[in-house]
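Undergrad: My structure file data_9.txt, compact mmCIF, C-alpha atoms and all ligand atoms, is below:
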```txt
# COMPACT_ATOMS: atom_id res chain seq x y z
CA MET A 1 0.00 0.00 0.00
CA ASP A 2 1.32 3.40 -0.97
CA PHE A 3 -0.24 6.43 0.64
CA LYS A 4 0.81 9.95 1.49
CA ILE A 5 -0.46 12.10 4.34
CA THR A 6 -1.28 15.78 4.14
CA SER A 7 -2.04 17.73 7.31
CA PRO A 8 -3.87 21.02 6.61
CA LYS A 9 -3.60 23.52 9.44
CA ASN A 10 -6.55 25.75 8.52
CA LYS A 11 -9.76 25.79 6.50
CA ALA A 12 -8.06 27.20 3.37
CA GLY A 13 -5.49 24.40 3.47
CA LEU A 14 -8.23 21.82 3.96
CA LEU A 15 -10.27 23.09 1.01
CA LYS A 16 -7.12 23.13 -1.18
CA ALA A 17 -6.31 19.52 -0.20
CA MET A 18 -9.90 18.49 -0.98
CA GLN A 19 -9.91 20.32 -4.33
CA GLU A 20 -6.58 18.90 -5.45
CA GLY A 21 -7.00 15.39 -4.05
CA LYS A 22 -8.23 12.79 -6.51
CA ASN A 23 -8.31 9.78 -4.28
CA PHE A 24 -8.31 10.62 -0.59
CA ARG A 25 -9.61 9.56 2.82
CA PHE A 26 -9.98 11.70 5.93
CA GLY A 27 -8.30 10.69 9.18
CA ALA A 28 -9.34 12.15 12.56
CA GLY A 29 -8.63 9.86 15.54
CA TYR A 30 -7.74 6.86 13.32
CA THR A 31 -9.39 4.31 15.63
CA ASP A 32 -11.64 3.09 12.79
CA LEU A 33 -9.57 4.20 9.83
CA LEU A 34 -6.61 1.97 10.66
CA MET A 35 -8.91 -1.06 10.52
CA GLU A 36 -10.46 0.18 7.26
CA LEU A 37 -7.06 0.64 5.65
CA LYS A 38 -6.22 -3.00 6.27
CA LYS A 39 -9.14 -3.91 4.01
CA GLN A 40 -8.41 -1.15 1.47
CA GLU A 41 -8.14 -2.45 -2.07
CA GLU A 42 -6.79 0.74 -3.65
CA THR A 43 -3.02 0.89 -3.44
CA SER A 44 -2.37 4.59 -3.99
CA PHE A 45 -4.24 7.32 -2.11
CA THR A 46 -3.84 10.35 0.14
CA ILE A 47 -4.92 10.70 3.75
CA ILE A 48 -6.12 14.18 4.63
CA ASN A 49 -5.21 14.30 8.30
CA LEU A 50 -7.78 16.41 10.17
CA ALA A 51 -6.05 16.01 13.53
CA GLN A 52 -3.90 19.14 13.14
CA LEU A 53 -6.66 21.35 11.78
CA ASN A 54 -6.88 24.56 13.77
CA ASP A 55 -10.40 25.72 12.95
CA LYS A 56 -12.89 26.35 15.73
CA THR A 57 -15.90 25.17 13.73
CA PHE A 58 -14.21 21.74 13.58
CA THR A 59 -12.62 21.62 17.02
CA GLU A 60 -14.82 23.43 19.54
CA ILE A 61 -18.04 22.77 21.42
CA ASN A 62 -20.07 26.00 21.55
CA THR A 63 -23.58 27.08 22.42
CA ILE A 64 -25.38 28.70 19.49
CA SER A 65 -28.84 30.15 19.09
CA GLY A 66 -31.24 27.22 19.54
CA GLY A 67 -28.71 24.65 20.69
CA LEU A 68 -25.16 23.41 20.64
CA ARG A 69 -22.57 23.14 17.88
CA ILE A 70 -20.13 20.28 18.36
CA GLY A 71 -17.11 20.36 16.04
CA SER A 72 -16.59 17.04 14.28
CA LEU A 73 -13.11 16.79 15.81
CA ALA A 74 -14.41 16.93 19.40
CA THR A 75 -13.27 13.74 21.09
CA ALA A 76 -15.41 11.36 23.13
CA ALA A 77 -13.40 12.43 26.21
CA GLU A 78 -14.19 16.11 25.58
CA ILE A 79 -17.88 15.25 25.26
CA VAL A 80 -17.83 13.22 28.48
CA ASN A 81 -16.31 16.19 30.34
CA ASP A 82 -18.44 18.95 28.84
CA LYS A 83 -20.71 20.41 31.53
CA PHE A 84 -23.34 21.76 29.12
CA ILE A 85 -23.66 18.34 27.44
CA THR A 86 -23.86 16.61 30.82
CA GLN A 87 -26.66 18.95 31.92
CA HIS A 88 -28.70 19.24 28.73
CA PHE A 89 -27.87 16.12 26.70
CA PRO A 90 -27.22 13.27 29.18
CA ALA A 91 -27.87 10.65 26.46
CA LEU A 92 -24.86 11.91 24.51
CA GLN A 93 -22.63 12.20 27.56
CA GLU A 94 -23.46 8.62 28.59
CA ALA A 95 -22.96 7.31 25.04
CA ALA A 96 -19.53 8.97 24.80
CA HIS A 97 -18.64 7.56 28.22
CA SER A 98 -19.59 4.04 27.15
CA LEU A 99 -17.34 4.12 24.08
CA ALA A 100 -14.36 1.75 24.18
CA SER A 101 -11.73 2.62 26.79
CA SER A 102 -10.43 5.86 28.30
CA GLN A 103 -7.39 5.73 25.99
CA ILE A 104 -9.54 5.42 22.86
CA ARG A 105 -11.96 8.11 24.09
CA GLU A 106 -9.02 10.58 24.15
CA VAL A 107 -8.64 10.34 20.35
CA ALA A 108 -11.93 8.96 18.94
CA THR A 109 -13.92 11.86 17.47
CA ILE A 110 -17.65 12.41 17.20
CA GLY A 111 -17.21 13.06 13.46
CA GLY A 112 -15.41 9.75 13.02
CA ASN A 113 -18.16 7.97 14.93
CA LEU A 114 -20.77 9.40 12.54
CA CYS A 115 -18.81 9.08 9.29
CA THR A 116 -17.78 5.48 9.88
CA ALA A 117 -21.57 4.85 9.88
CA SER A 118 -21.44 1.70 11.97
CA PRO A 119 -24.92 0.47 13.01
CA SER A 120 -23.47 0.22 16.53
CA GLY A 121 -21.93 3.71 16.78
CA ASP A 122 -22.64 4.87 20.32
CA MET A 123 -22.42 8.66 19.93
CA ALA A 124 -24.21 8.40 16.58
CA CYS A 125 -27.12 6.58 18.29
CA ALA A 126 -27.41 9.31 20.94
CA LEU A 127 -27.27 12.05 18.28
CA MET A 128 -30.13 10.32 16.46
CA ALA A 129 -32.30 10.44 19.62
CA LEU A 130 -31.32 14.11 20.01
CA GLU A 131 -32.46 14.80 16.42
CA ALA A 132 -29.16 16.44 15.54
CA GLN A 133 -28.23 18.03 12.22
CA CYS A 134 -25.00 17.34 10.33
CA GLU A 135 -23.18 20.33 8.89
CA ILE A 136 -21.24 19.34 5.79
CA LEU A 137 -18.50 21.41 4.12
CA SER A 138 -17.76 20.96 0.45
CA ALA A 139 -14.40 21.50 -1.33
CA ASN A 140 -15.88 24.63 -2.97
CA GLY A 141 -16.37 26.17 0.51
CA LYS A 142 -20.17 25.82 0.56
CA THR A 143 -21.97 24.15 3.47
CA ARG A 144 -25.16 22.14 3.61
CA THR A 145 -27.07 20.79 6.59
CA VAL A 146 -28.62 17.34 6.68
CA PRO A 147 -30.84 15.98 9.48
CA ILE A 148 -29.18 12.97 11.08
CA SER A 149 -32.21 10.85 10.11
CA GLY A 150 -31.05 11.29 6.49
CA PHE A 151 -27.29 11.02 7.09
CA PHE A 152 -26.87 7.24 7.04
CA THR A 153 -27.68 5.53 3.75
CA GLY A 154 -26.59 1.98 4.66
CA PRO A 155 -24.07 0.10 6.78
CA ARG A 156 -20.81 2.11 6.53
CA LYS A 157 -22.46 4.49 4.06
CA THR A 158 -23.46 8.14 4.44
CA VAL A 159 -24.74 10.97 2.26
CA LEU A 160 -21.24 12.50 2.19
CA GLN A 161 -20.09 13.05 -1.38
CA LYS A 162 -16.53 12.46 -2.53
CA LYS A 163 -15.36 16.03 -1.87
CA GLU A 164 -17.28 16.70 1.34
CA VAL A 165 -16.22 16.66 4.97
CA LEU A 166 -18.37 16.66 8.12
CA ARG A 167 -17.62 19.99 9.82
CA SER A 168 -19.88 19.93 12.88
CA VAL A 169 -23.00 18.57 14.49
CA LEU A 170 -25.82 20.87 15.58
CA VAL A 171 -27.85 19.63 18.53
CA PRO A 172 -31.17 21.40 19.13
CA LEU A 173 -32.01 22.53 22.65
CA LEU A 174 -35.79 22.59 22.74
CA GLU A 175 -36.14 24.47 25.99
CA LYS A 176 -33.41 25.26 28.46
CA ASN A 177 -35.22 24.67 31.74
CA ARG A 178 -37.34 21.72 30.66
CA LYS A 179 -37.21 18.60 32.90
CA LEU A 180 -35.42 15.76 31.15
CA HIS A 181 -35.39 12.00 31.23
CA SER A 182 -32.41 11.21 29.02
CA GLY A 183 -29.92 8.36 28.86
CA PHE A 184 -28.10 5.69 26.91
CA ILE A 185 -28.33 1.95 27.48
CA LYS A 186 -25.73 -0.31 25.91
CA VAL A 187 -25.72 -4.06 26.12
CA GLY A 188 -22.50 -5.78 25.12
CA THR A 189 -20.97 -9.17 25.66
CA ARG A 190 -18.54 -7.72 28.16
CA ARG A 191 -18.18 -4.50 30.14
CA SER A 192 -15.57 -2.54 28.19
CA MET A 193 -13.83 -2.31 24.80
CA GLU A 194 -16.93 -3.75 23.20
CA CYS A 195 -19.24 -2.54 20.47
CA SER A 196 -22.90 -2.86 21.38
CA VAL A 197 -24.97 -6.01 20.89
CA VAL A 198 -27.92 -3.64 21.18
CA SER A 199 -28.15 -0.01 22.26
CA LEU A 200 -30.92 2.45 22.99
CA ALA A 201 -30.74 6.23 23.39
CA TYR A 202 -33.67 8.20 24.78
CA HIS A 203 -34.15 11.91 25.31
CA ILE A 204 -37.53 12.77 26.77
CA HIS A 205 -38.79 16.27 27.65
CA LEU A 206 -41.26 16.51 30.54
CA ASP A 207 -43.46 19.24 31.88
CA ARG A 208 -43.45 20.01 35.60
CA ASN A 209 -46.04 17.26 36.23
CA ASP A 210 -43.87 14.65 34.43
CA SER A 211 -46.08 14.53 31.34
CA ILE A 212 -44.10 13.72 28.21
CA VAL A 213 -43.91 16.78 25.97
CA HIS A 214 -41.48 15.45 23.37
CA ALA A 215 -39.61 12.16 23.02
CA GLY A 216 -36.59 11.12 20.95
CA VAL A 217 -35.68 7.43 20.92
CA ALA A 218 -33.06 5.72 18.73
CA ILE A 219 -31.76 2.17 18.44
CA GLY A 220 -28.27 0.95 17.59
CA ALA A 221 -26.81 -2.42 16.49
CA SER A 222 -30.31 -3.58 15.62
CA ALA A 223 -30.63 -2.72 11.93
CA PRO A 224 -28.37 -1.87 8.96
CA THR A 225 -28.30 1.73 10.21
CA ILE A 226 -29.10 3.48 13.46
CA ARG A 227 -32.84 4.20 13.53
CA PHE A 228 -35.15 6.77 15.07
CA ALA A 229 -38.21 5.05 16.53
CA LYS A 230 -40.76 7.67 15.49
CA THR A 231 -44.01 5.78 16.14
CA ALA A 232 -42.77 4.74 19.60
CA CYS A 233 -42.01 8.39 20.37
CA ASP A 234 -45.45 9.48 19.16
CA LEU A 235 -47.14 6.78 21.24
CA ILE A 236 -45.78 8.01 24.58
CA SER A 237 -46.17 11.73 23.94
CA GLY A 238 -48.77 13.11 26.36
CA ASN A 239 -48.38 10.17 28.78
CA ASN A 240 -47.14 10.68 32.29
CA LEU A 241 -43.65 9.21 32.76
CA LYS A 242 -44.34 8.19 36.37
CA THR A 243 -47.77 6.64 35.89
CA ILE A 244 -47.56 5.18 32.38
CA SER A 245 -49.34 1.81 32.37
CA GLN A 246 -47.67 -1.57 31.93
CA LYS A 247 -49.69 -2.00 28.73
CA ASP A 248 -48.40 1.29 27.29
CA LYS A 249 -44.82 0.43 28.29
CA GLU A 250 -45.12 -2.87 26.42
CA GLU A 251 -46.76 -1.23 23.42
CA PHE A 252 -43.95 1.33 23.38
CA ALA A 253 -41.31 -1.43 23.57
CA ALA A 254 -43.02 -3.38 20.76
CA LYS A 255 -43.01 -0.25 18.57
CA VAL A 256 -39.29 0.28 19.27
CA VAL A 257 -38.59 -3.35 18.31
CA SER A 258 -40.57 -2.89 15.08
CA TYR A 259 -37.68 -0.68 13.87
CA ALA A 260 -35.19 -3.51 14.42
CA SER A 261 -34.09 -5.95 11.74
CA PRO A 262 -31.04 -7.38 13.47
CA ILE A 263 -28.63 -10.00 12.18
CA THR A 264 -27.29 -13.08 13.87
CA ASP A 265 -23.53 -12.81 14.22
CA ILE A 266 -20.71 -13.94 16.45
CA ARG A 267 -21.87 -11.66 19.29
CA ALA A 268 -25.61 -12.43 19.41
CA THR A 269 -28.53 -13.95 17.57
CA ALA A 270 -31.21 -11.80 15.95
CA TRP A 271 -33.78 -13.26 18.40
CA TYR A 272 -31.64 -12.31 21.42
CA ARG A 273 -31.13 -8.77 20.12
CA LYS A 274 -34.90 -8.25 19.76
CA GLU A 275 -35.60 -9.67 23.24
CA VAL A 276 -32.98 -7.43 24.82
CA LEU A 277 -34.25 -4.42 22.91
CA PHE A 278 -37.81 -5.05 24.10
CA ASN A 279 -36.69 -5.32 27.72
CA ILE A 280 -34.41 -2.28 27.74
CA SER A 281 -37.10 -0.22 25.99
CA LYS A 282 -39.58 -1.07 28.76
CA SER A 283 -36.95 -0.39 31.40
CA ILE A 284 -36.55 3.30 30.58
CA PHE A 285 -39.74 4.02 32.56
CA GLU A 286 -38.50 2.25 35.70
C1 LIG A 301 -10.82 -1.30 20.36
C2 LIG A 301 -11.92 -0.43 19.80
C3 LIG A 301 -13.10 -0.32 20.52
C4 LIG A 301 -14.13 0.48 20.02
N1 LIG A 301 -15.27 0.58 20.75
C5 LIG A 301 -16.28 1.37 20.29
C6 LIG A 301 -17.48 1.52 21.06
O1 LIG A 301 -17.61 0.99 22.15
N2 LIG A 301 -18.47 2.28 20.53
C7 LIG A 301 -18.35 2.92 19.33
O2 LIG A 301 -19.28 3.61 18.91
N3 LIG A 301 -17.22 2.80 18.59
C8 LIG A 301 -16.18 2.05 19.03
N4 LIG A 301 -15.04 1.93 18.29
C9 LIG A 301 -14.97 2.60 16.99
C10 LIG A 301 -14.29 4.00 17.00
O3 LIG A 301 -13.44 4.20 18.09
C11 LIG A 301 -15.33 5.14 16.94
O4 LIG A 301 -16.21 4.98 15.86
C12 LIG A 301 -14.65 6.52 16.83
O5 LIG A 301 -15.57 7.52 17.25
C13 LIG A 301 -14.16 6.87 15.43
O6 LIG A 301 -13.57 8.16 15.46
P1 LIG A 301 -12.12 8.46 14.86
O7 LIG A 301 -11.87 9.90 15.09
O8 LIG A 301 -11.10 7.52 15.39
O9 LIG A 301 -12.40 8.18 13.32
P2 LIG A 301 -11.36 7.78 12.18
O10 LIG A 301 -10.89 6.38 12.41
O11 LIG A 301 -10.30 8.81 12.02
O12 LIG A 301 -12.33 7.84 10.92
C14 LIG A 301 -13.41 6.93 10.78
C15 LIG A 301 -14.05 7.13 9.39
O13 LIG A 301 -14.69 8.40 9.31
C16 LIG A 301 -14.08 9.22 8.30
N5 LIG A 301 -14.02 10.55 8.89
C17 LIG A 301 -13.51 10.89 10.10
N6 LIG A 301 -13.77 12.18 10.36
C18 LIG A 301 -14.43 12.67 9.28
C19 LIG A 301 -15.00 13.94 8.97
N7 LIG A 301 -14.93 14.98 9.81
N8 LIG A 301 -15.62 14.09 7.79
C20 LIG A 301 -15.72 13.05 6.91
N9 LIG A 301 -15.23 11.82 7.15
C21 LIG A 301 -14.61 11.64 8.34
C22 LIG A 301 -12.74 8.57 8.00
O14 LIG A 301 -12.31 8.80 6.66
C23 LIG A 301 -13.04 7.11 8.25
O15 LIG A 301 -13.68 6.55 7.12
C24 LIG A 301 -13.98 1.16 18.77
C25 LIG A 301 -12.77 1.05 18.06
C26 LIG A 301 -11.77 0.28 18.56
C27 LIG A 301 -10.47 0.18 17.79
```
Turn the structure described in the file into structure tokens.
Ligand SMILES: Cc1cc2nc3c(=O)[nH]c(=O)nc-3n(C[C@H](O)[C@H](O)[C@H](O)COP(=O)(O)OP(=O)(O)OC[C@H]3O[C@@H](n4cnc5c(N)ncnc54)[C@H](O)[C@@H]3O)c2cc1C
TA:
Amino acid sequence: MDFKITSPKNKAGLLKAMQEGKNFRFGAGYTDLLMELKKQEETSFTIINLAQLNDKTFTEINTISGGLRIGSLATAAEIVNDKFITQHFPALQEAAHSLASSQIREVATIGGNLCTASPSGDMACALMALEAQCEILSANGKTRTVPISGFFTGPRKTVLQKKEVLRSVLVPLLEKNRKLHSGFIKVGTRRSMECSVVSLAYHIHLDRNDSIVHAGVAIGASAPTIRFAKTACDLISGNNLKTISQKDKEEFAAKVVSYASPITDIRATAWYRKEVLFNISKSIFE
């Protein structure tokens, strides 16, 4: 394999590398890319190394009007330690915390987690429940924004075109002082360094009487792509989180499972994945 690495330091350098590059891949934390390169069939290509890019829209986590902008190069560790995310988006903080090991979390980026488009991406699953938007920068300097529900087009596939890079993720903050019931549940075959067998992210807004005002629920490792369980969310809207009936909990869980089309693989059977998903879906009310 013959590849060269270019490390743009600013946006102008990045755009130039993207315009001039014929056959290139981006590298951020390299925790997925190194594995991908082992399977790479092409023998000659360039890696555009994003790790030295000094551009705040890629590197920083900032509040913006209506929510939060997370640069695609923000690491899982930075997300775990961000106070605003911990307070307003617990599902994302917990998902970042559950990713791999502390060493990997120091380098693994949120952009890499999205762009690798694994059905079991932990931060990607949380961002789906949070109904995030993906901000994409093209080699000609233009940007476009895609809702995360339209970002994944298949396993390991996204809407990103050849000369496009993910710049940042925009997470909407519906209401600052709203009560939240938000979290991330990951079931693996062991406690750490493990991709999910099944995962579930939920982000539920409550009024002061614990009635559900808005719900976002997403499932990971259960289908070819991460999925937003829209009908399950609609079903529980208006219910009271504390007094929701057993029947409604089970109906909700069944609706979540209806979005799953899992495979049987070395880590779990399709049947087991659906059973676990049903049970963890019900458990979010307990
Ligand atoms: C031992 C181990 C355990 C792991 N455990 C977990 C886990 O528990 N949960 C989990 O979700 N993941 C896990 N992973 C996968 C990985 O760590 C994450 O997906 C990580 O977030 C990827 O980020 P990265 O910065 O390393 O991406 P990279 O490896 O640098 O890139 C991944 C892919 O995204 C592309 N890319 C990166 N950034 C951009 C961008 N800004 N724009 C366009 N394309 C881009 C790259 O070209 C590449 O195709 C694990 C990996 C390993 C090696």
Undergrad: Would you mind telling me which residue in A:Ile244, A:Leu53, A:Leu92, A:Ile226 lies nearest to Ser261 in chain A when using only C-alpha atoms?
TA: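 Using only C-alpha atoms, the shortest distance to Ser261 in chain A belongs to A:Ile226.
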Undergrad: Using only C-alpha atoms, determine which residues lie at most 12 Å from Ile219 in chain A, disregarding the query and same-chain residues fewer than 2 positions distant; provide the list as a compact mmCIF listing (two decimals) with C-alpha atoms, keeping the file's coordinate frame.
TA:
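Saved the output as result-v5.txt:
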```txt
# COMPACT_ATOMS: atom_id res chain seq x y z
CA PRO A 119 -24.92 0.47 13.01
CA SER A 120 -23.47 0.22 16.53
CA GLY A 121 -21.93 3.71 16.78
CA ASP A 122 -22.64 4.87 20.32
CA MET A 123 -22.42 8.66 19.93
CA ALA A 124 -24.21 8.40 16.58
CA CYS A 125 -27.12 6.58 18.29
CA ALA A 126 -27.41 9.31 20.94
CA LEU A 127 -27.27 12.05 18.28
CA MET A 128 -30.13 10.32 16.46
CA ALA A 129 -32.30 10.44 19.62
CA PHE A 184 -28.10 5.69 26.91
CA ILE A 185 -28.33 1.95 27.48
CA LYS A 186 -25.73 -0.31 25.91
CA VAL A 187 -25.72 -4.06 26.12
CA SER A 196 -22.90 -2.86 21.38
CA VAL A 197 -24.97 -6.01 20.89
CA VAL A 198 -27.92 -3.64 21.18
CA SER A 199 -28.15 -0.01 22.26
CA LEU A 200 -30.92 2.45 22.99
CA ALA A 201 -30.74 6.23 23.39
CA TYR A 202 -33.67 8.20 24.78
CA GLY A 216 -36.59 11.12 20.95
CA VAL A 217 -35.68 7.43 20.92
CA ALA A 221 -26.81 -2.42 16.49
CA SER A 222 -30.31 -3.58 15.62
CA ALA A 223 -30.63 -2.72 11.93
CA PRO A 224 -28.37 -1.87 8.96
CA THR A 225 -28.30 1.73 10.21
CA ILE A 226 -29.10 3.48 13.46
CA ARG A 227 -32.84 4.20 13.53
CA PHE A 228 -35.15 6.77 15.07
CA ALA A 229 -38.21 5.05 16.53
CA LYS A 230 -40.76 7.67 15.49
CA ALA A 232 -42.77 4.74 19.60
CA ALA A 253 -41.31 -1.43 23.57
CA LYS A 255 -43.01 -0.25 18.57
CA VAL A 256 -39.29 0.28 19.27
CA VAL A 257 -38.59 -3.35 18.31
CA SER A 258 -40.57 -2.89 15.08
CA TYR A 259 -37.68 -0.68 13.87
CA ALA A 260 -35.19 -3.51 14.42
CA SER A 261 -34.09 -5.95 11.74
CA PRO A 262 -31.04 -7.38 13.47
CA ARG A 273 -31.13 -8.77 20.12
CA LYS A 274 -34.90 -8.25 19.76
CA VAL A 276 -32.98 -7.43 24.82
CA LEU A 277 -34.25 -4.42 22.91
CA PHE A 278 -37.81 -5.05 24.10
CA ILE A 280 -34.41 -2.28 27.74
CA SER A 281 -37.10 -0.22 25.99
```
Undergrad: To check your reading of the model: which residues sit at most 7 Å from ligand LIG 301 (chain A) when counting all atoms listed in the file? Write the answer as a JSON list (two decimals) with C-alpha atoms, in the coordinates of the input.
TA:
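Output file out-v4.json follows:
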```json
[["chain", "number", "residue", "atom", "x", "y", "z"],
["A", 25, "ARG", "CA", -9.61, 9.56, 2.82],
["A", 26, "PHE", "CA", -9.98, 11.70, 5.93],
["A", 27, "GLY", "CA", -8.30, 10.69, 9.18],
["A", 28, "ALA", "CA", -9.34, 12.15, 12.56],
["A", 29, "GLY", "CA", -8.63, 9.86, 15.54],
["A", 30, "TYR", "CA", -7.74, 6.86, 13.32],
["A", 31, "THR", "CA", -9.39, 4.31, 15.63],
["A", 32, "ASP", "CA", -11.64, 3.09, 12.79],
["A", 33, "LEU", "CA", -9.57, 4.20, 9.83],
["A", 34, "LEU", "CA", -6.61, 1.97, 10.66],
["A", 72, "SER", "CA", -16.59, 17.04, 14.28],
["A", 73, "LEU", "CA", -13.11, 16.79, 15.81],
["A", 98, "SER", "CA", -19.59, 4.04, 27.15],
["A", 99, "LEU", "CA", -17.34, 4.12, 24.08],
["A", 100, "ALA", "CA", -14.36, 1.75, 24.18],
["A", 104, "ILE", "CA", -9.54, 5.42, 22.86],
["A", 107, "VAL", "CA", -8.64, 10.34, 20.35],
["A", 108, "ALA", "CA", -11.93, 8.96, 18.94],
["A", 109, "THR", "CA", -13.92, 11.86, 17.47],
["A", 110, "ILE", "CA", -17.65, 12.41, 17.20],
["A", 111, "GLY", "CA", -17.21, 13.06, 13.46],
["A", 112, "GLY", "CA", -15.41, 9.75, 13.02],
["A", 113, "ASN", "CA", -18.16, 7.97, 14.93],
["A", 114, "LEU", "CA", -20.77, 9.40, 12.54],
["A", 115, "CYS", "CA", -18.81, 9.08, 9.29],
["A", 116, "THR", "CA", -17.78, 5.48, 9.88],
["A", 120, "SER", "CA", -23.47, 0.22, 16.53],
["A", 121, "GLY", "CA", -21.93, 3.71, 16.78],
["A", 122, "ASP", "CA", -22.64, 4.87, 20.32],
["A", 123, "MET", "CA", -22.42, 8.66, 19.93],
["A", 164, "GLU", "CA", -17.28, 16.70, 1.34],
["A", 165, "VAL", "CA", -16.22, 16.66, 4.97],
["A", 166, "LEU", "CA", -18.37, 16.66, 8.12],
["A", 167, "ARG", "CA", -17.62, 19.99, 9.82],
["A", 193, "MET", "CA", -13.83, -2.31, 24.80],
["A", 194, "GLU", "CA", -16.93, -3.75, 23.20],
["A", 195, "CYS", "CA", -19.24, -2.54, 20.47],
["A", 196, "SER", "CA", -22.90, -2.86, 21.38]]
```
Undergrad: So the first atom is CA of Pro172 in chain A and the second is CA of Gly66 in chain A; what is the distance between them in Å, to one decimal place?
TA: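 Between these atoms lies a distance of 5.8 Å.
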Undergrad: Can you tell me which residues surround Ile61 in chain A at a distance of at most 9 Å, considering only C-alpha atoms, apart from same-chain residues fewer than 5 positions away, and format the answer as a count of residues only?
TA: 9
Undergrad: Dump as a PyMOL selection string all residues having an atom at most 9 Å from (-5.1, 5.3, -3.6), computed in the file's coordinates with all atoms listed in the file.
TA: chain A and resi 1-3+22-25+40-46
Undergrad: Please compute the CA of Ile236 in chain A-CA of Glu131 in chain A distance, one decimal, in Å.
TA: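 CA of Ile236 in chain A sits 17.0 Å away from CA of Glu131 in chain A.
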Undergrad: Would you compute the distance between CA of Ser118 in chain A and CA of Met35 in chain A? Give it in Å to one decimal.
TA: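 Interatomic distance here is 12.9 Å.
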Undergrad: Compare A:Leu235, A:Leu206, A:Ala218, A:Ala77 by their minimum atom-to-atom distance to Ala132 in chain A, counting all atoms listed in the file, and give me the closest one.
TA: A:Ala218
Undergrad: Looking at only C-alpha atoms, which of A:Ile212, A:Ala91, A:Leu14, A:Ala76 is the one that sits closest to Lys242 in chain A?
TA: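 Result for the nearest residue to Lys242 in chain A: A:Ile212.
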Undergrad: Name the residues in contact with Ser237 in chain A at a cut-off of 7 Å, using only C-alpha atoms, excluding same-chain residues fewer than 6 positions from it; report them as a list in words.
TA: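 Residues near the query, excluding close chain neighbours: Ile212, Val213, His214 and Ala215 of chain A.
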